[in-house]
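protein-v9.txt follows; it contains compact mmCIF, C-alpha atoms (C1' of nucleotides).
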# COMPACT_ATOMS: atom_id res chain seq x y z
CA MET Z 1 100.15 126.59 102.21
CA LYS Z 2 103.64 125.76 103.24
CA PRO Z 3 104.03 122.81 105.56
CA ARG Z 4 106.16 123.52 108.58
CA HIS Z 5 108.87 121.08 107.64
CA ASP Z 6 109.54 123.18 104.60
CA HIS Z 7 112.26 124.27 102.21
CA ARG Z 8 115.23 122.03 102.71
CA SER Z 9 113.26 118.83 102.82
CA GLU Z 10 112.33 119.26 99.17
CA ASP Z 11 115.95 119.55 98.13
CA CYS Z 12 116.94 116.60 100.26
CA ARG Z 13 114.36 114.46 98.55
CA ALA Z 14 115.77 115.35 95.14
CA ILE Z 15 119.19 114.45 96.42
CA SER Z 16 117.90 111.24 97.89
CA ALA Z 17 116.44 110.44 94.50
CA LEU Z 18 119.77 110.93 92.77
CA LEU Z 19 121.58 108.92 95.40
CA GLN Z 20 119.16 106.09 94.98
CA ARG Z 21 119.56 106.40 91.25
CA VAL Z 22 123.35 106.10 91.33
CA GLY Z 23 123.28 103.91 94.42
CA ASP Z 24 121.98 100.82 92.75
CA LYS Z 25 124.17 97.80 92.48
CA TRP Z 26 125.98 98.50 89.23
CA THR Z 27 125.63 102.12 88.12
CA VAL Z 28 128.79 103.49 89.70
CA LEU Z 29 130.82 100.59 88.46
CA VAL Z 30 129.54 101.00 84.93
CA VAL Z 31 129.96 104.78 84.91
CA THR Z 32 133.50 104.71 86.28
CA THR Z 33 134.42 101.99 83.81
CA LEU Z 34 132.99 104.02 80.96
CA GLY Z 35 134.93 106.97 82.32
CA LYS Z 36 138.05 105.42 80.84
CA GLY Z 37 136.61 105.73 77.37
CA PRO Z 38 133.99 104.35 74.97
CA MET Z 39 133.46 100.64 75.24
CA ARG Z 40 131.34 98.00 73.64
CA PHE Z 41 128.87 95.83 75.51
CA SER Z 42 131.00 92.74 75.80
CA GLU Z 43 134.08 94.72 76.82
CA LEU Z 44 132.11 96.38 79.58
CA ARG Z 45 130.79 93.08 80.75
CA TYR Z 46 134.24 91.61 80.89
CA ALA Z 47 135.81 94.69 82.47
CA ILE Z 48 133.27 94.74 85.27
CA GLY Z 49 133.07 91.04 85.89
CA GLY Z 50 130.25 89.44 87.81
CA ILE Z 51 127.46 91.45 86.25
CA SER Z 52 124.72 89.55 84.50
CA GLN Z 53 123.74 90.36 80.95
CA LYS Z 54 120.33 91.43 82.12
CA MET Z 55 121.64 93.90 84.69
CA LEU Z 56 124.20 95.37 82.33
CA THR Z 57 121.50 95.99 79.77
CA THR Z 58 119.17 97.45 82.38
CA THR Z 59 121.85 99.70 83.84
CA LEU Z 60 122.94 100.97 80.45
CA ARG Z 61 119.36 101.72 79.45
CA SER Z 62 118.90 103.80 82.56
CA LEU Z 63 122.12 105.67 81.94
CA GLU Z 64 121.01 106.37 78.40
CA ARG Z 65 117.58 107.48 79.54
CA ASP Z 66 118.98 109.93 82.07
CA GLY Z 67 121.41 111.36 79.56
CA PHE Z 68 124.56 109.98 81.20
CA ALA Z 69 125.59 107.79 78.29
CA THR Z 70 125.01 107.30 74.60
CA ARG Z 71 124.41 104.08 72.73
CA THR Z 72 125.70 103.55 69.20
CA VAL Z 73 124.71 100.53 67.16
CA PHE Z 74 126.84 99.26 64.29
CA PRO Z 75 124.55 97.11 62.14
CA THR Z 76 127.24 94.61 61.31
CA ILE Z 77 127.17 90.86 61.67
CA PRO Z 78 127.72 90.07 64.41
CA PRO Z 79 126.27 93.31 65.81
CA ARG Z 80 128.40 95.75 67.75
CA VAL Z 81 127.14 98.33 70.24
CA ASP Z 82 129.30 101.05 71.73
CA TYR Z 83 128.60 103.00 74.87
CA GLU Z 84 130.13 106.31 75.82
CA LEU Z 85 129.66 108.85 78.58
CA THR Z 86 128.01 112.13 77.70
CA ASN Z 87 129.21 115.44 79.11
CA LEU Z 88 126.59 115.07 81.80
CA GLY Z 89 127.91 111.63 82.60
CA ARG Z 90 131.46 112.90 82.89
CA GLU Z 91 130.32 115.75 85.10
CA LEU Z 92 128.51 113.30 87.33
CA LEU Z 93 131.79 111.52 87.71
CA VAL Z 94 133.22 114.49 89.61
CA PRO Z 95 131.11 114.43 92.79
CA VAL Z 96 130.90 110.65 92.59
CA THR Z 97 134.68 110.49 92.58
CA ALA Z 98 134.75 112.75 95.63
CA LEU Z 99 132.48 110.36 97.44
CA SER Z 100 134.66 107.51 96.21
CA GLU Z 101 137.71 109.05 97.77
CA TRP Z 102 135.85 109.48 101.01
CA ALA Z 103 134.76 105.87 100.88
CA ARG Z 104 138.28 104.64 100.32
CA ALA Z 105 139.59 106.78 103.13
CA ASN Z 106 136.91 105.77 105.64
CA THR Z 107 135.74 102.21 105.04
CA GLU Z 108 138.08 101.08 107.74
CA ARG Z 109 136.50 103.39 110.31
CA ILE Z 110 133.06 102.21 109.31
CA ASN Z 111 134.03 98.56 109.56
CA LYS Z 112 135.50 99.14 113.00
CA ALA Z 113 132.32 100.88 114.14
CA ARG Z 114 130.26 97.99 112.87
CA ALA Z 115 132.41 95.44 114.64
CA ARG Z 116 132.09 97.41 117.87
CA PHE Z 117 128.34 97.71 117.52
CA ASP Z 118 127.85 94.07 116.66
CA ALA Z 119 130.03 93.04 119.57
CA THR Z 120 128.17 95.04 122.20
CA VAL Z 121 124.70 94.46 120.83
CA LYS Z 122 124.47 90.67 121.08
CA MET I 123 153.37 102.10 99.23
CA LYS I 124 150.41 103.68 97.59
CA PRO I 125 152.04 105.34 94.61
CA ARG I 126 149.35 105.24 92.01
CA HIS I 127 145.78 106.19 91.58
CA ASP I 128 144.40 102.74 91.17
CA HIS I 129 141.00 102.18 89.65
CA ARG I 130 140.60 98.50 90.32
CA SER I 131 137.05 97.31 90.44
CA GLU I 132 137.62 96.26 94.04
CA ASP I 133 137.70 99.89 95.02
CA CYS I 134 134.69 100.61 92.90
CA ARG I 135 132.80 97.87 94.65
CA ALA I 136 133.58 99.40 98.03
CA ILE I 137 132.32 102.70 96.71
CA SER I 138 129.24 101.05 95.32
CA ALA I 139 128.65 99.58 98.74
CA LEU I 140 128.81 102.97 100.41
CA LEU I 141 126.57 104.50 97.77
CA GLN I 142 124.04 101.78 98.30
CA ARG I 143 124.38 102.30 102.02
CA VAL I 144 123.65 106.03 101.88
CA GLY I 145 121.44 105.64 98.84
CA ASP I 146 118.54 104.03 100.61
CA LYS I 147 115.31 105.88 100.87
CA TRP I 148 115.84 107.83 104.09
CA THR I 149 119.50 107.90 105.12
CA VAL I 150 120.47 111.17 103.44
CA LEU I 151 117.36 112.89 104.68
CA VAL I 152 118.00 111.76 108.23
CA VAL I 153 121.70 112.61 108.16
CA THR I 154 121.20 116.07 106.71
CA THR I 155 118.45 116.75 109.22
CA LEU I 156 120.67 115.62 112.06
CA GLY I 157 123.35 117.85 110.57
CA LYS I 158 121.48 120.83 112.00
CA GLY I 159 122.01 119.53 115.50
CA PRO I 160 121.00 116.80 118.00
CA MET I 161 117.38 115.84 117.85
CA ARG I 162 115.03 113.46 119.55
CA PHE I 163 113.12 110.72 117.80
CA SER I 164 109.81 112.48 117.50
CA GLU I 165 111.39 115.74 116.38
CA LEU I 166 113.21 113.90 113.64
CA ARG I 167 110.08 112.19 112.55
CA TYR I 168 108.21 115.44 112.37
CA ALA I 169 111.06 117.32 110.70
CA ILE I 170 111.35 114.73 107.96
CA GLY I 171 107.69 114.14 107.42
CA GLY I 172 106.38 111.09 105.59
CA ILE I 173 108.71 108.60 107.21
CA SER I 174 107.16 105.70 109.07
CA GLN I 175 108.14 104.92 112.62
CA LYS I 176 109.59 101.62 111.52
CA MET I 177 111.80 103.12 108.83
CA LEU I 178 113.04 105.88 111.08
CA THR I 179 114.03 103.33 113.70
CA THR I 180 115.68 101.12 111.13
CA THR I 181 117.57 104.00 109.54
CA LEU I 182 118.79 105.31 112.88
CA ARG I 183 119.97 101.86 113.94
CA SER I 184 122.02 101.58 110.78
CA LEU I 185 123.51 105.01 111.30
CA GLU I 186 124.42 104.07 114.84
CA ARG I 187 125.89 100.78 113.75
CA ASP I 188 128.10 102.38 111.12
CA GLY I 189 129.31 105.03 113.54
CA PHE I 190 127.54 107.94 111.87
CA ALA I 191 125.31 108.80 114.81
CA THR I 192 124.99 108.25 118.53
CA ARG I 193 121.89 107.33 120.49
CA THR I 194 121.32 108.66 123.99
CA VAL I 195 118.48 107.38 126.16
CA PHE I 196 117.05 109.46 129.00
CA PRO I 197 115.26 106.98 131.28
CA THR I 198 112.47 109.39 132.11
CA ILE I 199 108.76 108.87 131.85
CA PRO I 200 107.85 109.25 129.10
CA PRO I 201 111.19 108.15 127.65
CA ARG I 202 113.31 110.50 125.60
CA VAL I 203 115.96 109.46 123.07
CA ASP I 204 118.36 111.87 121.45
CA TYR I 205 120.30 111.31 118.27
CA GLU I 206 123.38 113.19 117.20
CA LEU I 207 125.89 112.94 114.38
CA THR I 208 129.37 111.71 115.24
CA ASN I 209 132.48 113.24 113.70
CA LEU I 210 132.37 110.52 111.09
CA GLY I 211 128.79 111.44 110.34
CA ARG I 212 129.64 115.10 109.95
CA GLU I 213 132.55 114.22 107.70
CA LEU I 214 130.28 112.10 105.55
CA LEU I 215 128.12 115.14 105.14
CA VAL I 216 130.87 116.88 103.16
CA PRO I 217 130.99 114.69 100.02
CA VAL I 218 127.26 114.07 100.31
CA THR I 219 126.69 117.80 100.25
CA ALA I 220 128.86 118.07 97.16
CA LEU I 221 126.69 115.50 95.44
CA SER I 222 123.66 117.39 96.70
CA GLU I 223 124.83 120.55 95.03
CA TRP I 224 125.39 118.68 91.82
CA ALA I 225 121.92 117.19 92.07
CA ARG I 226 120.32 120.56 92.58
CA ALA I 227 122.25 122.02 89.68
CA ASN I 228 121.47 119.20 87.27
CA THR I 229 118.08 117.66 87.99
CA GLU I 230 116.63 119.76 85.26
CA ARG I 231 119.05 118.39 82.66
CA ILE I 232 118.28 114.87 83.78
CA ASN I 233 114.55 115.41 83.60
CA LYS I 234 114.87 116.85 80.12
CA ALA I 235 116.95 113.88 79.00
CA ARG I 236 114.34 111.53 80.40
CA ALA I 237 111.53 113.32 78.66
CA ARG I 238 113.44 113.14 75.37
CA PHE I 239 114.18 109.46 75.80
CA ASP I 240 110.64 108.57 76.79
CA ALA I 241 109.29 110.56 73.86
CA THR I 242 111.39 108.85 71.22
CA VAL I 243 111.34 105.35 72.66
CA LYS I 244 107.86 105.42 74.19
C1' DC B 245 127.03 89.61 69.81
C1' DC B 246 123.42 91.94 71.89
C1' DG B 247 119.02 92.02 73.77
C1' DT B 248 114.43 90.22 75.64
C1' DA B 249 111.33 87.24 78.32
C1' DT B 250 110.32 84.55 82.22
C1' DC B 251 110.69 82.66 86.65
C1' DC B 252 112.09 83.00 91.44
C1' DG B 253 114.19 84.14 95.82
C1' DA B 254 115.74 88.12 98.55
C1' DT B 255 115.24 92.56 100.18
C1' DG B 256 112.81 97.16 100.84
C1' DA B 257 109.35 99.69 102.77
C1' DG B 258 104.48 101.00 104.34
C1' DA B 259 100.41 99.96 107.48
C1' DT B 260 98.82 98.44 111.60
C1' DA B 261 98.75 96.86 116.21
C1' DC B 262 100.94 96.10 120.50
C1' DT B 263 104.47 96.85 124.80
C1' DG B 264 107.39 99.23 128.58
C1' DC X 265 107.35 108.42 123.62
C1' DA X 266 110.10 105.12 121.53
C1' DG X 267 110.40 100.73 119.86
C1' DT X 268 108.99 95.85 118.26
C1' DA X 269 106.27 92.46 115.71
C1' DT X 270 103.64 91.02 111.74
C1' DC X 271 101.69 91.20 107.48
C1' DT X 272 101.65 92.57 102.77
C1' DC X 273 103.07 94.33 98.44
C1' DA X 274 106.52 96.15 95.19
C1' DT X 275 110.95 96.14 93.41
C1' DC X 276 115.67 94.25 92.74
C1' DG X 277 118.74 91.18 90.90
C1' DG X 278 120.35 86.47 89.38
C1' DA X 279 119.64 82.28 86.30
C1' DT X 280 118.14 80.44 82.35
C1' DA X 281 116.41 80.15 77.84
C1' DC X 282 115.25 82.12 73.43
C1' DG X 283 115.48 85.47 69.23
C1' DG X 284 117.50 88.74 65.55
Render the structure in this file as structure tokens.
Amino acid sequence: MKPRHDHRSEDCRAISALLQRVGDKWTVLVVTTLGKGPMRFSELRYAIGGISQKMLTTTLRSLERDGFATRTVFPTIPPRVDYELTNLGRELLVPVTALSEWARANTERINKARARFDATVK
Amino acid sequence: MKPRHDHRSEDCRAISALLQRVGDKWTVLVVTTLGKGPMRFSELRYAIGGISQKMLTTTLRSLERDGFATRTVFPTIPPRVDYELTNLGRELLVPVTALSEWARANTERINKARARFDATVK
DNA sequence: CCGTATCCGATGAGATACTG
DNA sequence: CAGTATCTCATCGGATACGG
């Protein structure tokens, strides 16, 4: 039987899941950086700056798992690994970019609201 | 003087921050629910379903702090507290809805990619 | 160069119990 | 009814060290 808080809630949860997925600390940064073109591990690390090796590896694995990026190993010495967005990854970039634009346009308003709130509430 | 479309990682970090902000477990669910109209605490809790009292309070405080929602107390007995989206909150809903649509349209592709990855990598 | 393993502190989130 | 206070457990993310 259908619970009374029905239909929409299901969809919202799926959306929440995606937002949590792309809302972790590094995913957006990595995806937008890869959006400029294929890049190898060390280039990515340098381009992003401040990300640990562990988190870059973890983030890239997740992207690969979800079909947002591909991983190509060149068995040379020293080894070289290239990462590239898939079509799905590039499509993801579209709504994410929309949100980005919103963020850029509105961070100031949010910061002001926070300052106001923090000032009045102790 | 904002001639170019600048993809500095500073901007990306601000975007990451917003995504983490709205990417927590309950924010999107609460905001989209409030998008249907003002609602009191207990209505929200029931409408969402599965959220603990603590997390609903916490989430609503954050929304209030960031200027996405307002909180109105009616000093009756028993007390009644209404929550409502601000203009900023309703504006946020626009890009979030875009991402929602993308999520709905593509969860299947993501799930398939995951299944493939998990099958080959184990 | 790229990736893994381990340890550790910080944060997230649920359960429960209590107050005005 | 709405909110606070603890307690507890899981997960996140950084630092460091090691391996192919």
So what do you get for atom CA of I:Ser222 versus atom CA of I:Asp204, distance-wise?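 It comes out at 25.9 Å.
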Taking only C-alpha atoms (C1' of nucleotides) into account, what are the residues of chain X at most 10 Å from chain Z, put as a list in words?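 Written out as asked, the residues are DC276, DG277, DG278, DA279 and DG284 of chain X.
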Please, what is the axis-aligned box for every listed atom of stretch 249-260 of chain B with 5 Å on each side, as centre and edge lengths in Å to one decimal, as AutoDock Vina command-line options?
--center_x 107.3 --center_y 91.8 --center_z 95.0 --size_x 26.9 --size_y 28.3 --size_z 43.3
Using all atoms listed in the file, which residue out of I:Phe239, I:Val216, I:Met161, I:Arg167 lies closest to chain Z?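 Using all atoms listed in the file, the shortest distance to chain Z belongs to I:Phe239.
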Please write as an NGL selection string the list of polymer residues whose atoms come within 12 Å of (117.3, 79.8, 78.6), counting only C-alpha atoms (C1' of nucleotides) and keeping to the coordinates of the file. (:B and (248-251)) or (:X and (279-283))
Can you check which residues of chain B have any atom within 12 Å of chain I? Use all atoms listed in the file and format it as an MDAnalysis selection string. chainID B and resid 255:260 264
List as CSV every residue of chain I that is in contact with chain Z, defined as an atom at most 9 Å from one of its atoms (using all atoms listed in the file), together with the nearest atom pair and the distance in Å rounded to one decimal, sorted by chain and then rising number.
residue,atom,partner,partner_atom,distance
I:His129,CA,Z:Thr32,CA,8.6
I:Ser131,CA,Z:Ile48,CA,6.9
I:Asp133,CA,Z:Arg104,CA,7.1
I:Cys134,CA,Z:Leu29,CA,5.9
I:Arg135,CA,Z:Leu29,CA,7.0
I:Ala136,CA,Z:Ala103,CA,7.2
I:Ile137,CA,Z:Ser100,CA,5.4
I:Ser138,CA,Z:Val28,CA,6.1
I:Ala139,CA,Z:Lys25,CA,7.9
I:Leu140,CA,Z:Ala103,CA,6.6
I:Leu141,CA,Z:Gly23,CA,4.7
I:Gln142,CA,Z:Gly23,CA,4.5
I:Arg143,CA,Z:Gly23,CA,7.8
I:Val144,CA,Z:Leu19,CA,7.4
I:Gly145,CA,Z:Gln20,CA,4.5
I:Asp146,CA,Z:Gln20,CA,6.0
I:Lys147,CA,Z:Ser16,CA,6.7
I:Trp148,CA,Z:Ser16,CA,7.4
I:Thr149,CA,Z:Ser16,CA,8.1
I:Val150,CA,Z:Ser16,CA,6.1
I:Leu151,CA,Z:Cys12,CA,5.8
I:Thr154,CA,Z:Cys12,CA,7.7
I:Thr155,CA,Z:Ser9,CA,8.5
I:Tyr168,CA,Z:His5,CA,7.4
I:Ala169,CA,Z:His5,CA,5.3
I:Ile170,CA,Z:His5,CA,6.8
I:Gly171,CA,Z:His5,CA,7.0
I:Glu186,CA,Z:Phe117,CA,7.9
I:Arg187,CA,Z:Arg114,CA,5.3
I:Asp188,CA,Z:Arg114,CA,5.2
I:Gly189,CA,Z:Ala113,CA,5.2
I:Phe190,CA,Z:Ile110,CA,8.4
I:Leu210,CA,Z:Arg109,CA,8.3
I:Glu213,CA,Z:Trp102,CA,8.8
I:Leu214,CA,Z:Trp102,CA,7.6
I:Val216,CA,Z:Leu99,CA,8.8
I:Pro217,CA,Z:Leu99,CA,5.3
I:Val218,CA,Z:Leu99,CA,7.0
I:Ala220,CA,Z:Pro95,CA,6.1
I:Leu221,CA,Z:Pro95,CA,5.3
I:Ser222,CA,Z:Ile15,CA,5.4
I:Glu223,CA,Z:Ile15,CA,8.4
I:Trp224,CA,Z:Pro95,CA,7.2
I:Ala225,CA,Z:Ile15,CA,5.8
I:Arg226,CA,Z:Asp11,CA,7.1
I:Asn228,CA,Z:Leu88,CA,8.6
I:Thr229,CA,Z:Ala14,CA,7.9
I:Arg231,CA,Z:Gly67,CA,8.0
I:Ile232,CA,Z:Asp66,CA,5.3
I:Asn233,CA,Z:Asp66,CA,7.2
I:Lys234,CA,Z:Asp66,CA,8.3
I:Ala235,CA,Z:Gly67,CA,5.2
I:Arg236,CA,Z:Asp66,CA,5.2
I:Ala237,CA,Z:Arg65,CA,8.5
I:Arg238,CA,Z:Arg65,CA,8.2
I:Phe239,CA,Z:Arg65,CA,5.4
I:Asp240,CA,Z:Arg65,CA,7.5
Moved chain I, fitted on chain Z by every C-alpha in sequence order, as an mmCIF file with C-alpha atoms, in the coordinates of the input:
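Listing of out-v4.cif after writing:
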data_model
loop_
_atom_site.group_PDB
_atom_site.id
_atom_site.type_symbol
_atom_site.label_atom_id
_atom_site.label_comp_id
_atom_site.auth_asym_id
_atom_site.auth_seq_id
_atom_site.Cartn_x
_atom_site.Cartn_y
_atom_site.Cartn_z
ATOM 1 C CA MET I 123 110.829 132.610 94.991
ATOM 2 C CA LYS I 124 113.172 130.154 96.549
ATOM 3 C CA PRO I 125 114.396 132.124 99.535
ATOM 4 C CA ARG I 126 115.067 129.466 102.083
ATOM 5 C CA HIS I 127 116.942 126.272 102.429
ATOM 6 C CA ASP I 128 113.992 124.017 102.864
ATOM 7 C CA HIS I 129 114.388 120.568 104.325
ATOM 8 C CA ARG I 130 110.934 119.212 103.703
ATOM 9 C CA SER I 131 110.730 115.476 103.532
ATOM 10 C CA GLU I 132 109.495 115.799 99.960
ATOM 11 C CA ASP I 133 112.953 116.857 98.927
ATOM 12 C CA CYS I 134 114.490 114.117 100.976
ATOM 13 C CA ARG I 135 112.318 111.591 99.231
ATOM 14 C CA ALA I 136 113.518 112.801 95.845
ATOM 15 C CA ILE I 137 117.060 112.446 97.090
ATOM 16 C CA SER I 138 116.317 109.018 98.444
ATOM 17 C CA ALA I 139 114.990 108.108 95.036
ATOM 18 C CA LEU I 140 118.181 109.190 93.318
ATOM 19 C CA LEU I 141 120.304 107.400 95.891
ATOM 20 C CA GLN I 142 118.346 104.245 95.352
ATOM 21 C CA ARG I 143 118.683 104.766 91.632
ATOM 22 C CA VAL I 144 122.475 105.055 91.702
ATOM 23 C CA GLY I 145 122.747 102.776 94.704
ATOM 24 C CA ASP I 146 121.932 99.578 92.902
ATOM 25 C CA LYS I 147 124.570 96.962 92.551
ATOM 26 C CA TRP I 148 126.244 98.041 89.313
ATOM 27 C CA THR I 149 125.317 101.602 88.353
ATOM 28 C CA VAL I 150 128.244 103.383 90.003
ATOM 29 C CA LEU I 151 130.705 100.863 88.676
ATOM 30 C CA VAL I 152 129.375 101.231 85.157
ATOM 31 C CA VAL I 153 129.211 105.022 85.286
ATOM 32 C CA THR I 154 132.707 105.441 86.674
ATOM 33 C CA THR I 155 134.045 103.009 84.101
ATOM 34 C CA LEU I 156 132.309 104.889 81.322
ATOM 35 C CA GLY I 157 133.774 108.044 82.830
ATOM 36 C CA LYS I 158 137.115 107.057 81.319
ATOM 37 C CA GLY I 159 135.652 107.274 77.850
ATOM 38 C CA PRO I 160 133.241 105.610 75.372
ATOM 39 C CA MET I 161 133.282 101.863 75.466
ATOM 40 C CA ARG I 162 131.581 98.989 73.757
ATOM 41 C CA PHE I 163 129.483 96.392 75.510
ATOM 42 C CA SER I 164 132.066 93.667 75.719
ATOM 43 C CA GLU I 165 134.809 96.042 76.820
ATOM 44 C CA LEU I 166 132.606 97.265 79.623
ATOM 45 C CA ARG I 167 131.812 93.777 80.677
ATOM 46 C CA TYR I 168 135.446 92.838 80.771
ATOM 47 C CA ALA I 169 136.532 96.061 82.468
ATOM 48 C CA ILE I 170 134.013 95.609 85.252
ATOM 49 C CA GLY I 171 134.429 91.917 85.729
ATOM 50 C CA GLY I 172 131.875 89.815 87.579
ATOM 51 C CA ILE I 173 128.823 91.421 86.043
ATOM 52 C CA SER I 174 126.404 89.182 84.197
ATOM 53 C CA GLN I 175 125.321 89.971 80.679
ATOM 54 C CA LYS I 176 121.777 90.472 81.857
ATOM 55 C CA MET I 177 122.687 92.962 84.566
ATOM 56 C CA LEU I 178 124.972 94.926 82.300
ATOM 57 C CA THR I 179 122.200 95.239 79.738
ATOM 58 C CA THR I 180 119.681 96.203 82.373
ATOM 59 C CA THR I 181 121.985 98.768 83.956
ATOM 60 C CA LEU I 182 122.857 100.342 80.621
ATOM 61 C CA ARG I 183 119.197 100.576 79.636
ATOM 62 C CA SER I 184 118.444 102.430 82.840
ATOM 63 C CA LEU I 185 121.343 104.788 82.297
ATOM 64 C CA GLU I 186 120.125 105.467 78.790
ATOM 65 C CA ARG I 187 116.584 105.990 79.958
ATOM 66 C CA ASP I 188 117.590 108.508 82.607
ATOM 67 C CA GLY I 189 119.774 110.416 80.171
ATOM 68 C CA PHE I 190 123.083 109.461 81.762
ATOM 69 C CA ALA I 191 124.447 107.584 78.766
ATOM 70 C CA THR I 192 123.929 107.184 75.050
ATOM 71 C CA ARG I 193 123.828 103.981 73.043
ATOM 72 C CA THR I 194 125.193 103.838 69.513
ATOM 73 C CA VAL I 195 124.672 100.792 67.308
ATOM 74 C CA PHE I 196 127.001 100.010 64.409
ATOM 75 C CA PRO I 197 125.043 97.658 62.133
ATOM 76 C CA THR I 198 128.092 95.624 61.212
ATOM 77 C CA ILE I 199 128.583 91.906 61.407
ATOM 78 C CA PRO I 200 129.246 91.089 64.133
ATOM 79 C CA PRO I 201 127.325 93.993 65.664
ATOM 80 C CA ARG I 202 129.066 96.632 67.720
ATOM 81 C CA VAL I 203 127.409 98.872 70.316
ATOM 82 C CA ASP I 204 129.124 101.803 71.946
ATOM 83 C CA TYR I 205 128.131 103.476 75.172
ATOM 84 C CA GLU I 206 129.144 106.930 76.273
ATOM 85 C CA LEU I 207 128.291 109.240 79.145
ATOM 86 C CA THR I 208 126.162 112.279 78.372
ATOM 87 C CA ASN I 209 126.839 115.661 79.949
ATOM 88 C CA LEU I 210 124.299 114.791 82.597
ATOM 89 C CA GLY I 211 126.153 111.575 83.263
ATOM 90 C CA ARG I 212 129.462 113.364 83.614
ATOM 91 C CA GLU I 213 127.884 115.901 85.934
ATOM 92 C CA LEU I 214 126.487 113.116 88.071
ATOM 93 C CA LEU I 215 130.000 111.839 88.393
ATOM 94 C CA VAL I 216 130.984 114.923 90.400
ATOM 95 C CA PRO I 217 128.903 114.409 93.574
ATOM 96 C CA VAL I 218 129.293 110.653 93.221
ATOM 97 C CA THR I 219 133.041 111.097 93.213
ATOM 98 C CA ALA I 220 132.784 113.214 96.340
ATOM 99 C CA LEU I 221 130.919 110.413 98.056
ATOM 100 C CA SER I 222 133.522 108.015 96.709
ATOM 101 C CA GLU I 223 136.289 109.960 98.354
ATOM 102 C CA TRP I 224 134.401 109.954 101.602
ATOM 103 C CA ALA I 225 133.884 106.216 101.307
ATOM 104 C CA ARG I 226 137.547 105.580 100.715
ATOM 105 C CA ALA I 227 138.498 107.786 103.629
ATOM 106 C CA ASN I 228 136.036 106.247 106.066
ATOM 107 C CA THR I 229 135.440 102.580 105.303
ATOM 108 C CA GLU I 230 137.903 101.702 107.972
ATOM 109 C CA ARG I 231 135.990 103.631 110.640
ATOM 110 C CA ILE I 232 132.781 101.967 109.558
ATOM 111 C CA ASN I 233 134.297 98.514 109.657
ATOM 112 C CA LYS I 234 135.669 99.154 113.120
ATOM 113 C CA ALA I 235 132.275 100.351 114.325
ATOM 114 C CA ARG I 236 130.677 97.230 112.910
ATOM 115 C CA ALA I 237 133.185 94.973 114.568
ATOM 116 C CA ARG I 238 132.568 96.717 117.897
ATOM 117 C CA PHE I 239 128.816 96.456 117.537
ATOM 118 C CA ASP I 240 128.881 92.822 116.492
ATOM 119 C CA ALA I 241 131.216 92.008 119.364
ATOM 120 C CA THR I 242 129.061 93.537 122.070
ATOM 121 C CA VAL I 243 125.673 92.577 120.683
ATOM 122 C CA LYS I 244 126.636 89.265 119.084
#
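In this structure, atom CA of Z:Gly37 sits 21.3 Å away from atom CA of Z:Pro75.
In this model, the gap between atom CA of I:Pro200 and atom CA of I:Leu156 comes to 22.3 Å.
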Neighbours of B:DC262 within 12 Å (only C-alpha atoms (C1' of nucleotides); same-chain residues fewer than 3 positions away dropped), as a list of chain:residue names?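 My list of contacting residues is X:DG267, X:DT268, X:DA269, X:DT270.
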Find the spatial neighbours of Z:Pro38, counting only C-alpha atoms (C1' of nucleotides), within a cut-off of 10 Å - ignore same-chain residues fewer than 3 positions away - and output them as a PyMOL selection string. chain Z and resi 33-35+41+43-44+69-71+82-85
